[in-house]
Amino acid sequence: MARRILPPLLLLAALLGAWELYVDLGGVDGVILSAPHQIAQSIADDRSLLWSNFLVTLQEVVFGIAIAAVVGVVLAVVIHLYRPLRGAAYPLVVASQTIPVVLLAPLLMLWFGFGILPKVIVVALVSFFSIVVSTLDGLAGVDPQLIKLMRTFDASRWRTLRSVEFPAALPGMFTGTKIAVAVAVIGAVIGEMTGGSGAGLGYLFLLSINQLLTPRAYAAVVILSVFAIALFALLTLAERLALPWAYEPRGERSS
Amino acid sequence: MSRTFISRGSRVEALDGVSLQAGTGEVVAVVGPSGCGKTTLLELICGLQRPDAGTITAEPAALMPQRDLLLPWLSALDNAGLALRAHGIPRAQARAQTAPWLTRFGLAGFEQARPSALSGGMRQRVSFLRTLLAGKPVLALDEPFASLDAITRAEMQGWLGHVLEREPRTVVLVTHDVEEAAMLADRIVVMSPRPGRAVAQVEVPPPRPRRRTDPEVIALREHIYGALGMGS
């Protein structure tokens with residue numbers, strides 16, 4: 001573990017050091033580019049403000065991903081079960097990703113107000129695509145021989161889905177959700193910045209820039225990216241605990 | 001039975017007038033080279049396809065696939081009981097029904113092991129048990145030991161011979177392995193490729209379990225090779 005973590009940490013420290021030196025020795029105005037120590041200072045000083053806004057973004061992201069996961073998996077299963085729907089729904093699923101979220105957020109504000117709901121919808125919209133696609137891949141990737149085997153056991157379509165296809169698609173669902181995490185945080189921030197709200201780290205970022213409190217804007221960015229990394233790590237851990245078989249070496253013991 | 005496929009406008013006769021009977025408790029081996037229509041024949045026997053001509057009077061068979069196709073997330077116990085679960089039997093009951101069989105099949109102590117922790121031979125035993133527990137009158141074995149190394153395969157052929165002595169079942173065994181057929185079958189049907197036709201039927205007299213070195217088994221092997229057009 002230490003071996004894997006140490007090199008990126010060293011590189012990060014070197015980059016931060018160079019950044020710090022550049023700002024301190026180059027006489028750069030802290031409002032234009034804050035030095036790492038100023039950002040750290042802001043995280044400490046503004047911790048309660050950052051924390052309360054973080055909680056709002058956290059809710060938007062978690063609820064949004066949860067909705068995307070449920071809707072995405074259900075949609076993938078339905079598309080998988082009814083072949084004609086695949087042709088009909090799949091292009092629409094793809095098309096849903098071409099709608100610019102930046103433009104959608106203000107529209108959602110018109111419909112759903114300034115609360116958390118329009119942001120949750122933006123997060124769900126940007127997250128559900130990768131979940132649908134990787135779940136569908138997982139469901140369709142089951143060995144056809146296995147489906148035939150279940151048929152010779154007189155298994156119903158539902159039973160085959162439950163016992164064979166759905167468990168086989170679980171690693172895909174996790175992969176899709178992990179991919180969704182990064183875009184989900186971006187989606188929440190876009191929702192806050194363009195959807196006219198009074199809370200969240202995206203809102204605080206914009207506010208801090210306008211007030212020329214640049215270190216606090218950077219602090220918000222740092223927290224957002226640490227948050228996305230933590231979510232990703234949490235999902236990876238959950239996957240390892242829930243699906244230990246997917247991580248076992250494929251090798252076999254000789255008899 | 002006959003079965004013709006239309007593939008990109010051209011007709012492919014997979015099976016042409018194949019007739020196959022198996023008495024209760026009889027092991028019928030179907031031997032033939034690649035392209036003799038063995039997959040088609042198996043799927044017809046298992047009710048996964050319908051013949052274009054002819055009829056199937058037997059109940060659809062339960063399949064034992066070529067690769068073990070065990071589910072990697074299930075224990076050996078739950079894999080073996082999959083057919084029971086497929087019938088809607090509750091998990092606890094399926095486990096209780098399956099556990100004694102694992103012991104009988106020499107898999108005691110491996111109930112909770114996932115397939116990745118089992119040897120190739122053990123996986124094939126679980127796979128065979130899974131098909132056996134489907135409770136169908138006929139078992140259709142699709143080259144059951146083709147994926148094993150030669151030593152394990154020989155072991156497993158001996159094992160299957162013993163199991164079928166204790167648990168007689170009507171078995172259709174499709175194989176490329178002439179020796180396997182000579183070791184296990186009561187009757188051997190030799191197929192020719194494209195279109196698949198039965199070119200010879202061999203009644204196998206010696207009782208099981210047989211030994212590879214029995215003069216009768218050796219003679220039988222030569223006889224099958226002869227029917228396949230590659231006599232020595």
# chains A, B, ... in the order shown; residues from 1 in each chain; ligands from 1
$ residues_around --residues "range 174-183 of chain B" --least-positions-apart "3" --cutoff "6 Å" --atoms "only C-alpha atoms" --output "list in words"
Ala29, Val30, Val31, Gly32, Asp142, Glu143, Arg210 and Val217 of chain B
$ write_last_selection --atoms "C-alpha atoms" --output "PDB file, in the first residue's frame"
ATOM      1  CA  ALA B  29     -22.399 -42.147 -26.793  1.00  0.00           C
ATOM      2  CA  VAL B  30     -22.422 -40.056 -29.952  1.00  0.00           C
ATOM      3  CA  VAL B  31     -18.951 -39.908 -31.477  1.00  0.00           C
ATOM      4  CA  GLY B  32     -17.985 -37.843 -34.433  1.00  0.00           C
ATOM      5  CA  ASP B 142     -21.640 -32.213 -24.107  1.00  0.00           C
ATOM      6  CA  GLU B 143     -18.002 -33.376 -24.213  1.00  0.00           C
ATOM      7  CA  ARG B 210     -14.237 -51.110 -17.672  1.00  0.00           C
ATOM      8  CA  VAL B 217     -12.262 -51.987 -24.861  1.00  0.00           C
TER       9      VAL B 217
END
$ residues_around --residues "range 90-106 of chain A" --least-positions-apart "2" --cutoff "7 Å" --atoms "only C-alpha atoms" --output "PyMOL selection string"
chain A and resi 86-88+108-110+122+129+190-191+194-195
$ closest_atom_pairs --of "chain A" --to "chain B" --cutoff "12 Å" --atoms "only C-alpha atoms" --output "tab-separated table"
residue	atom	partner	partner_atom	distance
A:Val142	CA	B:Leu69	CA	10.5
A:Asp143	CA	B:Leu69	CA	8.4
A:Pro144	CA	B:Leu69	CA	10.5
A:Gln145	CA	B:Pro65	CA	7.4
A:Leu146	CA	B:Leu69	CA	6.6
A:Ile147	CA	B:Leu69	CA	10.4
A:Lys148	CA	B:Leu48	CA	7.3
A:Leu149	CA	B:Leu63	CA	6.0
A:Met150	CA	B:Ala86	CA	7.3
A:Arg151	CA	B:Leu48	CA	7.7
A:Thr152	CA	B:Ala62	CA	5.1
A:Phe153	CA	B:Ala83	CA	5.5
A:Asp154	CA	B:Ala86	CA	6.9
A:Ala155	CA	B:Ala86	CA	4.6
A:Ser156	CA	B:Ala86	CA	7.3
A:Arg157	CA	B:Ala86	CA	9.9
A:Trp158	CA	B:Ala86	CA	9.8
A:Arg159	CA	B:Ala86	CA	6.3
A:Thr160	CA	B:Ala86	CA	7.5
A:Leu161	CA	B:Ala86	CA	10.7
A:Arg162	CA	B:Ala86	CA	9.9
A:Ser163	CA	B:Ala86	CA	8.1
A:Val164	CA	B:Leu71	CA	7.5
A:Glu165	CA	B:Leu71	CA	10.2
A:Phe166	CA	B:Trp73	CA	11.4
A:Pro167	CA	B:Trp73	CA	7.8
A:Ala168	CA	B:Trp73	CA	8.4
A:Ala169	CA	B:Trp73	CA	11.5
A:Leu170	CA	B:Trp73	CA	10.6
A:Pro171	CA	B:Trp73	CA	11.2
A:Ala242	CA	B:Trp73	CA	10.3
A:Leu243	CA	B:Trp73	CA	7.6
A:Pro244	CA	B:Trp73	CA	8.1
A:Trp245	CA	B:Trp73	CA	5.4
A:Ala246	CA	B:Trp73	CA	7.7
A:Tyr247	CA	B:Pro72	CA	10.5
A:Glu248	CA	B:Ser116	CA	7.2
A:Pro249	CA	B:Ser116	CA	7.4
A:Arg250	CA	B:Ser116	CA	6.2
A:Gly251	CA	B:Ser116	CA	6.9
A:Glu252	CA	B:Ser119	CA	5.7
A:Arg253	CA	B:Ser119	CA	4.8
A:Ser254	CA	B:Ser119	CA	5.3
A:Ser255	CA	B:Ser119	CA	5.2
$ residues_around --residues "range 222-237 of chain A" --least-positions-apart "6" --cutoff "8 Å" --atoms "only C-alpha atoms" --output "VMD selection string"
chain A and resid 54 174 178 181 to 182 185 201
$ write_last_selection --atoms "N, CA and C atoms" --output "compact mmCIF listing (two decimals), in the first residue's frame"
# COMPACT_ATOMS: atom_id res chain seq x y z
N PHE A 54 -20.46 22.24 2.01
CA PHE A 54 -20.10 20.90 1.56
C PHE A 54 -21.26 19.93 1.78
N PHE A 174 -21.04 -1.57 -10.67
CA PHE A 174 -20.09 -0.83 -9.84
C PHE A 174 -19.19 0.03 -10.72
N LYS A 178 -18.80 4.02 -10.49
CA LYS A 178 -17.52 4.67 -10.21
C LYS A 178 -17.19 5.73 -11.26
N VAL A 181 -19.16 8.89 -10.59
CA VAL A 181 -18.84 9.73 -9.44
C VAL A 181 -18.17 11.05 -9.84
N ALA A 182 -17.19 10.95 -10.73
CA ALA A 182 -16.44 12.16 -11.12
C ALA A 182 -17.36 13.17 -11.80
N VAL A 185 -19.98 14.99 -9.35
CA VAL A 185 -19.53 16.17 -8.60
C VAL A 185 -19.51 17.39 -9.52
N LEU A 201 -20.85 24.06 -2.50
CA LEU A 201 -19.47 24.50 -2.71
C LEU A 201 -19.30 25.22 -4.05
$ atom_distance --atom1 "CA of Ile179 in chain A" --atom2 "CA of Ser130 in chain A"
6.7 Å
$ select_by_dssp --residues "chain B" --states "strand (DSSP E or B)" --output "VMD selection string"
chain B and resid 2 to 7 10 to 15 27 to 31 53 62 to 64 138 to 142 170 to 175 187 to 192 196 to 203
$ atom_distance --atom1 "CA of Pro36 in chain A" --atom2 "CA of Leu49 in chain A"
19.2 Å
$ residues_around --residues "Glu165 in chain B" --least-positions-apart "3" --cutoff "12 Å" --atoms "only C-alpha atoms" --output "number ranges by chain"
B: 25-27, 158-162, 168-170, 184-186, 207-210
$ residues_around --residues "Ile56 in chain B" --least-positions-apart "5" --cutoff "10 Å" --atoms "only C-alpha atoms" --output "NGL selection string"
:B and (1 or 19-21 or 44-45 or 47 or 50-51)
$ atom_distance --atom1 "CA of Trp51 in chain A" --atom2 "CA of Ala188 in chain A"
15.9 Å
$ select_by_dssp --residues "range 66-215 of chain B" --states "helix (DSSP H, G or I)" --output "ChimeraX atom specification"
/B:76-80,82-86,91-104,115-117,120-132,150-166,178-184,215
$ residues_around --residues "Ala89 in chain A" --least-positions-apart "4" --cutoff "12 Å" --atoms "only C-alpha atoms" --output "list in words"
Leu75, Ala76, Val78, Ile79, His80, Tyr82, Arg83, Pro84, Leu85, Val93, Val94, Ala95, Ser96, Val132 and Val133 of chain A
$ closest_residue --among "A:Glu239, A:Asn53, A:Ile65, A:Arg216" --to "Gly198 in chain A" --atoms "only C-alpha atoms"
A:Asn53
$ residues_around --residues "Val120 in chain A" --least-positions-apart "3" --cutoff "6 Å" --atoms "only C-alpha atoms" --output "PyMOL selection string"
chain A and resi 60+64+117+123
$ write_last_selection --atoms "N, CA and C atoms" --output "mmCIF file, in the first residue's frame"
data_model
loop_
_atom_site.group_PDB
_atom_site.id
_atom_site.type_symbol
_atom_site.label_atom_id
_atom_site.label_comp_id
_atom_site.auth_asym_id
_atom_site.auth_seq_id
_atom_site.Cartn_x
_atom_site.Cartn_y
_atom_site.Cartn_z
ATOM 1 N N GLU A 60 -26.632 16.611 -2.687
ATOM 2 C CA GLU A 60 -26.974 16.623 -4.115
ATOM 3 C C GLU A 60 -26.330 15.448 -4.834
ATOM 4 N N GLY A 64 -28.382 12.238 -6.044
ATOM 5 C CA GLY A 64 -28.356 12.169 -7.508
ATOM 6 C C GLY A 64 -27.833 10.828 -8.001
ATOM 7 N N LEU A 117 -33.545 20.100 -5.269
ATOM 8 C CA LEU A 117 -34.086 19.158 -6.263
ATOM 9 C C LEU A 117 -33.511 19.329 -7.676
ATOM 10 N N VAL A 123 -27.389 16.044 -11.364
ATOM 11 C CA VAL A 123 -26.432 14.989 -10.997
ATOM 12 C C VAL A 123 -26.915 13.643 -11.541
#
$ closest_residue --among "B:Ala92, B:Val202, B:Leu141, B:Asn79" --to "Thr39 in chain B" --atoms "only C-alpha atoms"
B:Leu141
